[in-house]
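Peer 1: Before anything else, here's the structure in question.
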Amino acid sequence: MTNVIVTTTINAPTKAVELFDALPGWELVVIGDRKTPDDYRLQHGTYIGVADQEKIDKELSDLIGWNCIQRRNFGLLVAHQMGAEIVAVVDDDNIPYEGWGSDLLLGREVEATVYRAGLPAFDPVGATNHPQLWHRGYPLQLLPRRDYSDSTRTMVRADVQADFWDGDPDIDAICRMQFAPDCRFDPNCFPMASDGIGPFNSQNTFLSARWLSDYFLFPHVGRMDDIWASYYLQGKGARVVYGKPSVFQERNPHDLVVDMKREYLGYENNLAIVEAVADDPEALLRFLPQESQAAFDRYRSHF
């Protein structure tokens with residue numbers, strides 16, 4: 001079995017990258033950008049620099065643009081070329097715990113707490129021991145109506161395993177400004193799932209490779225790239241199970257006001273998107289700028 005880890009970076013190899021690079025049973029693929037140091041080197045993994053990405057697909061490269069995290073779409077294409085069966089998408093500031101990537105939930109029946117959200121979207125963060133927080137990309141209009149009283153323990157089969165993160169969690173800028181949390185999530189809350197659509201990110205997430213052709217980090221939509229990817233994938237039928245924390249995030253520096261501005265498109269559209277993709281996943285495309293739609297079409301041409 002070929003298991004591939006994909007990340008992007010503009011930094012020299014971080015502690016997290018060095019640990020991922022040393023994991024047995026995994027192949028690390030790091031996608032560079034124009035800001036990445038020219039002398040970037042890995043001990044074991046594969047580094048894909050600017051020129052190599054353009055060799056893969058110059059048109060896609062131009063459509064995505066530079067100096068953006070969506071360059072990691074090239075990592076997904078490389079994983080596909082490598083014959084990956086499982087692809088993990090991670091950030092370079094998420095330090096893996098011992099045992100990361102072992103005993104995965106993907107492709108097998110696992111017992112999970114399944115919530116009946118009763119809403120167009122499910123927020124997994126609110127179901128934990130930090131109920132005041134919410135996942136980045138969750139429709140803000142639904143926050144006061146979240147209800148976790150209806151759940152059951154049942155067997156589910158995961159196409160996506162979205163593991164959580166201790167430390168600085170993946171919440172939106174408004175939530176982070178208000179609470180500035182430093183989290184330790186109770187592992188007893190996991191695994192969990194829902195009967196509806198919920199956000200997951202590209203920070204510490206495992207995917208069955210058969211879904212790669214439908215998993216694309218949309219450029220030109222700010223900080224909704226992976227969130228809208230998650231909504232689209234679930235609209236296509238992928239089942240998501242949220243797993244216990246398997247990394248500790250030492251978050252790279254962020255300007256929260258800038259983050260908030262880059263999330264506004266989501267604040268405005270996320271509710272309409274989850275309602276639309278529940279009936280027709282292709283409806284998400286009408287929320288994308290034309291260049292993003294063209295990039296998605298180009299990406300899918302590789303499968």
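Each chain in the structure tokens gets a letter, A, B, ..., in the order shown, and its residues are numbered from 1; ligands are numbered from 1 in order too.
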Could you pull the residues within 9 Å of Leu133 of chain A, counting only C-alpha atoms, minus those fewer than 3 positions along the same chain, as a PDB file with N, CA and C atoms, in the first residue's frame?

Peer 2:
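So selection29.pdb came out as:
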ATOM      1  N   VAL A 125     -16.802  20.779  16.028  1.00  0.00           N
ATOM      2  CA  VAL A 125     -16.105  21.360  17.184  1.00  0.00           C
ATOM      3  C   VAL A 125     -17.066  21.551  18.354  1.00  0.00           C
ATOM      4  N   GLY A 126     -18.290  21.978  18.057  1.00  0.00           N
ATOM      5  CA  GLY A 126     -19.255  22.198  19.124  1.00  0.00           C
ATOM      6  C   GLY A 126     -19.651  20.936  19.857  1.00  0.00           C
ATOM      7  N   HIS A 130     -15.157  21.651  24.002  1.00  0.00           N
ATOM      8  CA  HIS A 130     -15.023  23.095  23.776  1.00  0.00           C
ATOM      9  C   HIS A 130     -16.242  23.590  22.992  1.00  0.00           C
ATOM     10  N   ILE A 171     -10.399  27.200  13.851  1.00  0.00           N
ATOM     11  CA  ILE A 171     -11.610  27.993  14.001  1.00  0.00           C
ATOM     12  C   ILE A 171     -11.449  29.254  13.159  1.00  0.00           C
ATOM     13  N   CYS A 175     -14.043  33.720  15.777  1.00  0.00           N
ATOM     14  CA  CYS A 175     -13.980  32.853  16.953  1.00  0.00           C
ATOM     15  C   CYS A 175     -12.633  32.994  17.660  1.00  0.00           C
ATOM     16  N   ARG A 176     -11.560  33.072  16.880  1.00  0.00           N
ATOM     17  CA  ARG A 176     -10.223  33.186  17.471  1.00  0.00           C
ATOM     18  C   ARG A 176     -10.038  34.526  18.175  1.00  0.00           C
ATOM     19  N   PHE A 179     -12.100  34.180  21.573  1.00  0.00           N
ATOM     20  CA  PHE A 179     -11.740  33.200  22.596  1.00  0.00           C
ATOM     21  C   PHE A 179     -10.249  32.934  22.721  1.00  0.00           C
ATOM     22  N   PRO A 181      -8.272  30.528  21.928  1.00  0.00           N
ATOM     23  CA  PRO A 181      -8.192  29.273  22.679  1.00  0.00           C
ATOM     24  C   PRO A 181      -6.854  28.556  22.532  1.00  0.00           C
TER      25      PRO A 181
END

Peer 1: Find the residues near segment 70-79 of chain A: any atom within 6 Å, counting only C-alpha atoms, skip ones fewer than 3 places away on the same chain, and give them as a PyMOL selection string.

Peer 2: chain A and resi 6+8+31+82+84+217+219

Peer 1: Could you take the residues named above and write them with N, CA and C atoms, as a short mmCIF file (atom, residue, chain, number, x, y, z; two decimals), in the first residue's frame?

Peer 2:
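File produced: again-v1.cif:
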data_model
loop_
_atom_site.label_atom_id
_atom_site.label_comp_id
_atom_site.auth_asym_id
_atom_site.auth_seq_id
_atom_site.Cartn_x
_atom_site.Cartn_y
_atom_site.Cartn_z
N VAL A 6 0.88 14.99 1.85
CA VAL A 6 1.02 16.17 0.99
C VAL A 6 0.96 17.42 1.84
N THR A 8 2.27 21.92 1.71
CA THR A 8 2.93 23.05 1.05
C THR A 8 3.70 23.83 2.08
N ILE A 31 5.21 20.61 -1.59
CA ILE A 31 5.05 21.49 -2.74
C ILE A 31 5.56 22.88 -2.37
N MET A 82 1.78 8.68 -8.08
CA MET A 82 2.52 7.69 -7.31
C MET A 82 1.69 6.45 -7.01
N ALA A 84 -1.02 6.41 -5.00
CA ALA A 84 -1.40 6.44 -3.60
C ALA A 84 -2.76 5.78 -3.39
N LEU A 217 -8.67 21.97 -3.89
CA LEU A 217 -8.61 23.15 -3.03
C LEU A 217 -8.78 24.38 -3.91
N PRO A 219 -8.87 27.75 -5.67
CA PRO A 219 -8.15 29.02 -5.56
C PRO A 219 -9.11 30.20 -5.70
#

Peer 1: Need to verify the contact set: segment 263-280 of chain A, 8 Å, only C-alpha atoms, exclusion of same-chain residues closer than 3 positions in sequence. Can you return it as a ChimeraX atom specification?

Peer 2: /A:120-121,137-141,172-173,197,221-224,231-232,235,259-260,283-284,287

Peer 1: Grab the residues selected above and save them as a tab-separated table (two decimals), in the first residue's frame with C-alpha atoms.

Peer 2:
chain	number	residue	atom	x	y	z
A	120	PRO	CA	-28.21	22.13	6.94
A	121	ALA	CA	-24.72	21.69	8.44
A	137	GLY	CA	-16.32	27.48	7.56
A	138	TYR	CA	-19.35	26.52	9.61
A	139	PRO	CA	-22.28	28.79	8.64
A	140	LEU	CA	-22.45	31.49	11.29
A	141	GLN	CA	-26.22	31.80	10.94
A	172	ASP	CA	-12.43	31.14	12.07
A	173	ALA	CA	-10.95	34.57	12.77
A	197	ILE	CA	-22.64	17.87	5.81
A	221	VAL	CA	-11.88	32.09	-2.65
A	222	GLY	CA	-9.73	33.19	0.29
A	223	ARG	CA	-9.71	30.89	3.31
A	224	MET	CA	-12.63	28.84	1.99
A	231	TYR	CA	-18.64	20.55	1.09
A	232	TYR	CA	-18.31	19.56	-2.56
A	235	GLY	CA	-22.19	16.52	-1.83
A	259	ASP	CA	-7.84	36.26	7.95
A	260	MET	CA	-11.30	37.65	8.67
A	283	ALA	CA	-24.22	23.87	-7.61
A	284	LEU	CA	-21.12	24.91	-5.68
A	287	PHE	CA	-20.21	30.41	-6.21

Peer 1: Report the residues of segment 188-286 of chain A whose backbone DSSP state falls under alpha helix (DSSP H), written as an mmCIF file with N, CA and C atoms, in the first residue's frame.

Peer 2:
data_model
loop_
_atom_site.group_PDB
_atom_site.id
_atom_site.type_symbol
_atom_site.label_atom_id
_atom_site.label_comp_id
_atom_site.auth_asym_id
_atom_site.auth_seq_id
_atom_site.Cartn_x
_atom_site.Cartn_y
_atom_site.Cartn_z
ATOM 1 N N ASP A 225 -10.906 27.727 0.653
ATOM 2 C CA ASP A 225 -10.445 26.756 -0.342
ATOM 3 C C ASP A 225 -10.722 25.319 0.059
ATOM 4 N N ASP A 226 -10.300 24.927 1.252
ATOM 5 C CA ASP A 226 -10.489 23.548 1.691
ATOM 6 C C ASP A 226 -11.888 23.306 2.238
ATOM 7 N N ILE A 227 -12.514 24.347 2.778
ATOM 8 C CA ILE A 227 -13.866 24.193 3.315
ATOM 9 C C ILE A 227 -14.845 23.886 2.184
ATOM 10 N N TRP A 228 -14.777 24.667 1.121
ATOM 11 C CA TRP A 228 -15.677 24.406 0.000
ATOM 12 C C TRP A 228 -15.333 23.084 -0.672
ATOM 13 N N ALA A 229 -14.060 22.713 -0.659
ATOM 14 C CA ALA A 229 -13.684 21.387 -1.144
ATOM 15 C C ALA A 229 -14.371 20.302 -0.326
ATOM 16 N N SER A 230 -14.435 20.495 0.987
ATOM 17 C CA SER A 230 -15.074 19.494 1.850
ATOM 18 C C SER A 230 -16.576 19.423 1.589
ATOM 19 N N TYR A 231 -17.209 20.566 1.363
ATOM 20 C CA TYR A 231 -18.643 20.554 1.091
ATOM 21 C C TYR A 231 -18.941 19.888 -0.258
ATOM 22 N N TYR A 232 -18.120 20.178 -1.247
ATOM 23 C CA TYR A 232 -18.309 19.564 -2.561
ATOM 24 C C TYR A 232 -18.160 18.048 -2.470
ATOM 25 N N LEU A 233 -17.115 17.594 -1.783
ATOM 26 C CA LEU A 233 -16.842 16.165 -1.700
ATOM 27 C C LEU A 233 -17.993 15.426 -1.011
ATOM 28 N N GLN A 234 -18.532 16.024 0.035
ATOM 29 C CA GLN A 234 -19.647 15.382 0.723
ATOM 30 C C GLN A 234 -20.913 15.416 -0.124
ATOM 31 N N GLY A 235 -21.084 16.496 -0.900
ATOM 32 C CA GLY A 235 -22.194 16.522 -1.831
ATOM 33 C C GLY A 235 -22.116 15.394 -2.842
ATOM 34 N N LEU A 256 -5.106 38.381 12.157
ATOM 35 C CA LEU A 256 -6.483 37.909 12.242
ATOM 36 C C LEU A 256 -7.452 38.796 11.473
ATOM 37 N N VAL A 257 -7.144 40.065 11.345
ATOM 38 C CA VAL A 257 -8.009 40.938 10.540
ATOM 39 C C VAL A 257 -7.923 40.548 9.071
ATOM 40 N N VAL A 258 -6.710 40.256 8.612
ATOM 41 C CA VAL A 258 -6.544 39.785 7.235
ATOM 42 C C VAL A 258 -7.274 38.451 7.049
ATOM 43 N N ASP A 259 -7.130 37.537 8.029
ATOM 44 C CA ASP A 259 -7.840 36.264 7.945
ATOM 45 C C ASP A 259 -9.343 36.486 7.857
ATOM 46 N N MET A 260 -9.864 37.395 8.670
ATOM 47 C CA MET A 260 -11.304 37.655 8.672
ATOM 48 C C MET A 260 -11.768 38.159 7.304
ATOM 49 N N LYS A 261 -10.996 39.040 6.704
ATOM 50 C CA LYS A 261 -11.354 39.542 5.377
ATOM 51 C C LYS A 261 -11.359 38.415 4.353
ATOM 52 N N ARG A 262 -10.405 37.490 4.483
ATOM 53 C CA ARG A 262 -10.305 36.381 3.529
ATOM 54 C C ARG A 262 -11.346 35.292 3.804
ATOM 55 N N GLU A 263 -12.002 35.368 4.952
ATOM 56 C CA GLU A 263 -13.077 34.433 5.281
ATOM 57 C C GLU A 263 -14.457 34.997 4.960
ATOM 58 N N TYR A 264 -14.531 36.278 4.620
ATOM 59 C CA TYR A 264 -15.841 36.918 4.476
ATOM 60 C C TYR A 264 -16.688 36.236 3.412
ATOM 61 N N LEU A 265 -16.075 35.798 2.325
ATOM 62 C CA LEU A 265 -16.818 35.117 1.275
ATOM 63 C C LEU A 265 -17.565 33.914 1.837
ATOM 64 N N GLY A 266 -16.956 33.265 2.816
ATOM 65 C CA GLY A 266 -17.613 32.143 3.468
ATOM 66 C C GLY A 266 -18.721 32.589 4.392
ATOM 67 N N TYR A 267 -18.479 33.635 5.189
ATOM 68 C CA TYR A 267 -19.527 34.143 6.060
ATOM 69 C C TYR A 267 -20.789 34.439 5.246
ATOM 70 N N GLU A 268 -20.586 34.938 4.041
ATOM 71 C CA GLU A 268 -21.688 35.355 3.189
ATOM 72 C C GLU A 268 -22.369 34.188 2.486
ATOM 73 N N ASN A 269 -21.616 33.132 2.145
ATOM 74 C CA ASN A 269 -22.142 32.105 1.239
ATOM 75 C C ASN A 269 -22.222 30.697 1.801
ATOM 76 N N ASN A 270 -21.613 30.410 2.940
ATOM 77 C CA ASN A 270 -21.521 29.023 3.385
ATOM 78 C C ASN A 270 -22.878 28.366 3.588
ATOM 79 N N LEU A 271 -23.833 29.082 4.157
ATOM 80 C CA LEU A 271 -25.144 28.474 4.379
ATOM 81 C C LEU A 271 -25.810 28.127 3.057
ATOM 82 N N ALA A 272 -25.766 29.040 2.108
ATOM 83 C CA ALA A 272 -26.363 28.764 0.799
ATOM 84 C C ALA A 272 -25.667 27.589 0.116
ATOM 85 N N ILE A 273 -24.351 27.473 0.310
ATOM 86 C CA ILE A 273 -23.611 26.390 -0.337
ATOM 87 C C ILE A 273 -24.000 25.036 0.244
ATOM 88 N N VAL A 274 -24.036 24.907 1.564
ATOM 89 C CA VAL A 274 -24.366 23.595 2.130
ATOM 90 C C VAL A 274 -25.792 23.196 1.780
ATOM 91 N N GLU A 275 -26.683 24.169 1.702
ATOM 92 C CA GLU A 275 -28.050 23.851 1.301
ATOM 93 C C GLU A 275 -28.099 23.399 -0.158
ATOM 94 N N ALA A 276 -27.288 24.036 -1.006
ATOM 95 C CA ALA A 276 -27.311 23.713 -2.439
ATOM 96 C C ALA A 276 -26.667 22.365 -2.736
ATOM 97 N N VAL A 277 -25.479 22.104 -2.144
ATOM 98 C CA VAL A 277 -24.751 20.881 -2.513
ATOM 99 C C VAL A 277 -25.424 19.632 -1.969
#

Peer 1: For segment 155-163 of chain A, find every residue with an atom within 7 Å (counting only C-alpha atoms), except residues of its own chain fewer than 3 positions away, and show them as an MDAnalysis selection string.

Peer 2: chainID A and resid 105:112 200 204:208 238:246

Peer 1: Please identify all polymer residues within 8 Å of Asn3 of chain A, counting only C-alpha atoms, omitting same-chain residues fewer than 6 positions from it, and present them as a list in words.

Peer 2: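 So the residues in contact are Gly25, Trp26, Glu27, Ala84, Glu85, Ile86, Val87 and Ala88 of chain A.
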
Peer 1: For a test of reading the model, state the distance in Å between atom CA of Pro199 of chain A and atom CA of His254 of chain A, rounded to one decimal.

Peer 2: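 Separation of atom CA of Pro199 of chain A and atom CA of His254 of chain A: 21.1 Å.
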
Peer 1: Based on the backbone DSSP call, show me all residues of segment 44-124 of chain A assigned strand (DSSP E or B), as a list in words.

Peer 2: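 Output for segment 44-124 of chain A, strand (DSSP E or B) only: Thr46, Tyr47, Ile48, Ile86, Val87, Ala88, Val89, Val90, Asn94, Ile95, Pro96, Leu106, Glu109, Val110, Glu111, Ala112, Thr113, Val114, Tyr115 and Ala121 of chain A.
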
Peer 1: Nearest residue to Pro124 of chain A out of A:Met177, A:Cys189, A:Ala12, A:Val17, using only C-alpha atoms?

Peer 2: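 The shortest atom-to-atom distance to Pro124 of chain A comes from A:Cys189.
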
Peer 1: Identify, on the basis of only C-alpha atoms, every residue whose closest approach to Arg34 of chain A does not exceed 12 Å; exclude the query and any residue fewer than 2 positions from it along the same chain; express the result as a PDB file with C-alpha atoms, in the first residue's frame.

Peer 2:
ATOM      1  CA  THR A   8       2.927  23.048   1.045  1.00  0.00           C
ATOM      2  CA  THR A   9       5.421  25.426   2.568  1.00  0.00           C
ATOM      3  CA  ILE A  10       7.174  28.757   2.191  1.00  0.00           C
ATOM      4  CA  ASN A  11       9.472  27.930   5.115  1.00  0.00           C
ATOM      5  CA  ILE A  31       5.052  21.488  -2.742  1.00  0.00           C
ATOM      6  CA  GLY A  32       7.101  24.653  -2.860  1.00  0.00           C
ATOM      7  CA  THR A  36      10.183  28.752  -0.437  1.00  0.00           C
ATOM      8  CA  PRO A  37      13.955  28.770   0.183  1.00  0.00           C
ATOM      9  CA  ASP A  38      15.936  27.782  -2.913  1.00  0.00           C
ATOM     10  CA  TYR A  40      14.958  23.366   0.432  1.00  0.00           C
ATOM     11  CA  ILE A  48       8.405  19.645  -5.949  1.00  0.00           C
ATOM     12  CA  GLY A  49       9.699  23.104  -6.775  1.00  0.00           C
ATOM     13  CA  VAL A  50       8.324  25.852  -8.980  1.00  0.00           C
ATOM     14  CA  ALA A  51       9.732  24.597 -12.285  1.00  0.00           C
ATOM     15  CA  GLN A  53       5.089  22.081 -10.950  1.00  0.00           C
ATOM     16  CA  GLY A  65      -1.445  31.474  -9.155  1.00  0.00           C
ATOM     17  CA  TRP A  66       1.503  31.772  -6.800  1.00  0.00           C
ATOM     18  CA  ASN A  67       2.083  32.470  -3.116  1.00  0.00           C
ATOM     19  CA  CYS A  68      -1.015  30.561  -2.047  1.00  0.00           C
ATOM     20  CA  ILE A  69      -1.700  27.336  -0.190  1.00  0.00           C
ATOM     21  CA  ARG A  71      -0.423  25.041  -4.757  1.00  0.00           C
TER      22      ARG A  71
END

Peer 1: Nearest to Gln290 of chain A: which of A:Arg41, A:His220, A:Lys55, A:Ala22 is it, counting only C-alpha atoms?

Peer 2: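 That would be A:His220, the residue with the smallest distance to Gln290 of chain A.
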
Peer 1: Between A:Tyr215, A:Tyr47, A:Phe296, A:Phe164, which is the closest to His135 of chain A once you count only C-alpha atoms?

Peer 2: A:Phe164

Peer 1: Do you know which residues are at most 12 Å from Asp297 of chain A counting only C-alpha atoms, after dropping those on the same chain fewer than 4 positions away, and could you put them as a PDB file with C-alpha atoms, in the first residue's frame?

Peer 2:
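selection_27.pdb, written as the output of this step:
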ATOM      1  CA  GLU A  59      -1.967  25.964 -17.490  1.00  0.00           C
ATOM      2  CA  LEU A  60      -3.155  24.738 -14.091  1.00  0.00           C
ATOM      3  CA  LEU A  63      -4.875  29.375 -13.124  1.00  0.00           C
ATOM      4  CA  ILE A  64      -4.038  28.712  -9.467  1.00  0.00           C
ATOM      5  CA  SER A 213     -10.528  13.516  -8.633  1.00  0.00           C
ATOM      6  CA  ASP A 214     -13.299  15.304  -6.727  1.00  0.00           C
ATOM      7  CA  TYR A 215     -11.090  16.831  -4.035  1.00  0.00           C
ATOM      8  CA  PHE A 216      -9.709  20.184  -5.138  1.00  0.00           C
ATOM      9  CA  PHE A 218     -10.344  25.993  -4.827  1.00  0.00           C
ATOM     10  CA  GLU A 282     -22.188  20.937  -8.941  1.00  0.00           C
ATOM     11  CA  LEU A 285     -19.455  25.901  -8.939  1.00  0.00           C
ATOM     12  CA  GLN A 290     -14.472  31.786 -13.426  1.00  0.00           C
ATOM     13  CA  GLU A 291     -10.724  31.249 -12.978  1.00  0.00           C
ATOM     14  CA  SER A 292     -11.362  28.872 -10.085  1.00  0.00           C
ATOM     15  CA  GLN A 293     -13.878  26.883 -12.130  1.00  0.00           C
ATOM     16  CA  SER A 301      -8.513  16.348 -16.588  1.00  0.00           C
ATOM     17  CA  HIS A 302      -5.585  14.507 -14.939  1.00  0.00           C
ATOM     18  CA  PHE A 303      -7.812  11.671 -13.718  1.00  0.00           C
TER      19      PHE A 303
END

Peer 1: May I ask which of the residues A:Asp195, A:Pro131, A:Arg184, A:Pro169 is the closest one to Leu119 of chain A, counting only C-alpha atoms?

Peer 2: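 Result for the nearest residue to Leu119 of chain A: A:Asp195.
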
Peer 1: Using only C-alpha atoms, find the one residue out of A:Thr46, A:Asp52, A:Asp57, A:Asp92 that sits nearest to Pro13 of chain A.

Peer 2: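 Of A:Thr46, A:Asp52, A:Asp57, A:Asp92, the one nearest Pro13 of chain A is A:Asp92, counting only C-alpha atoms.
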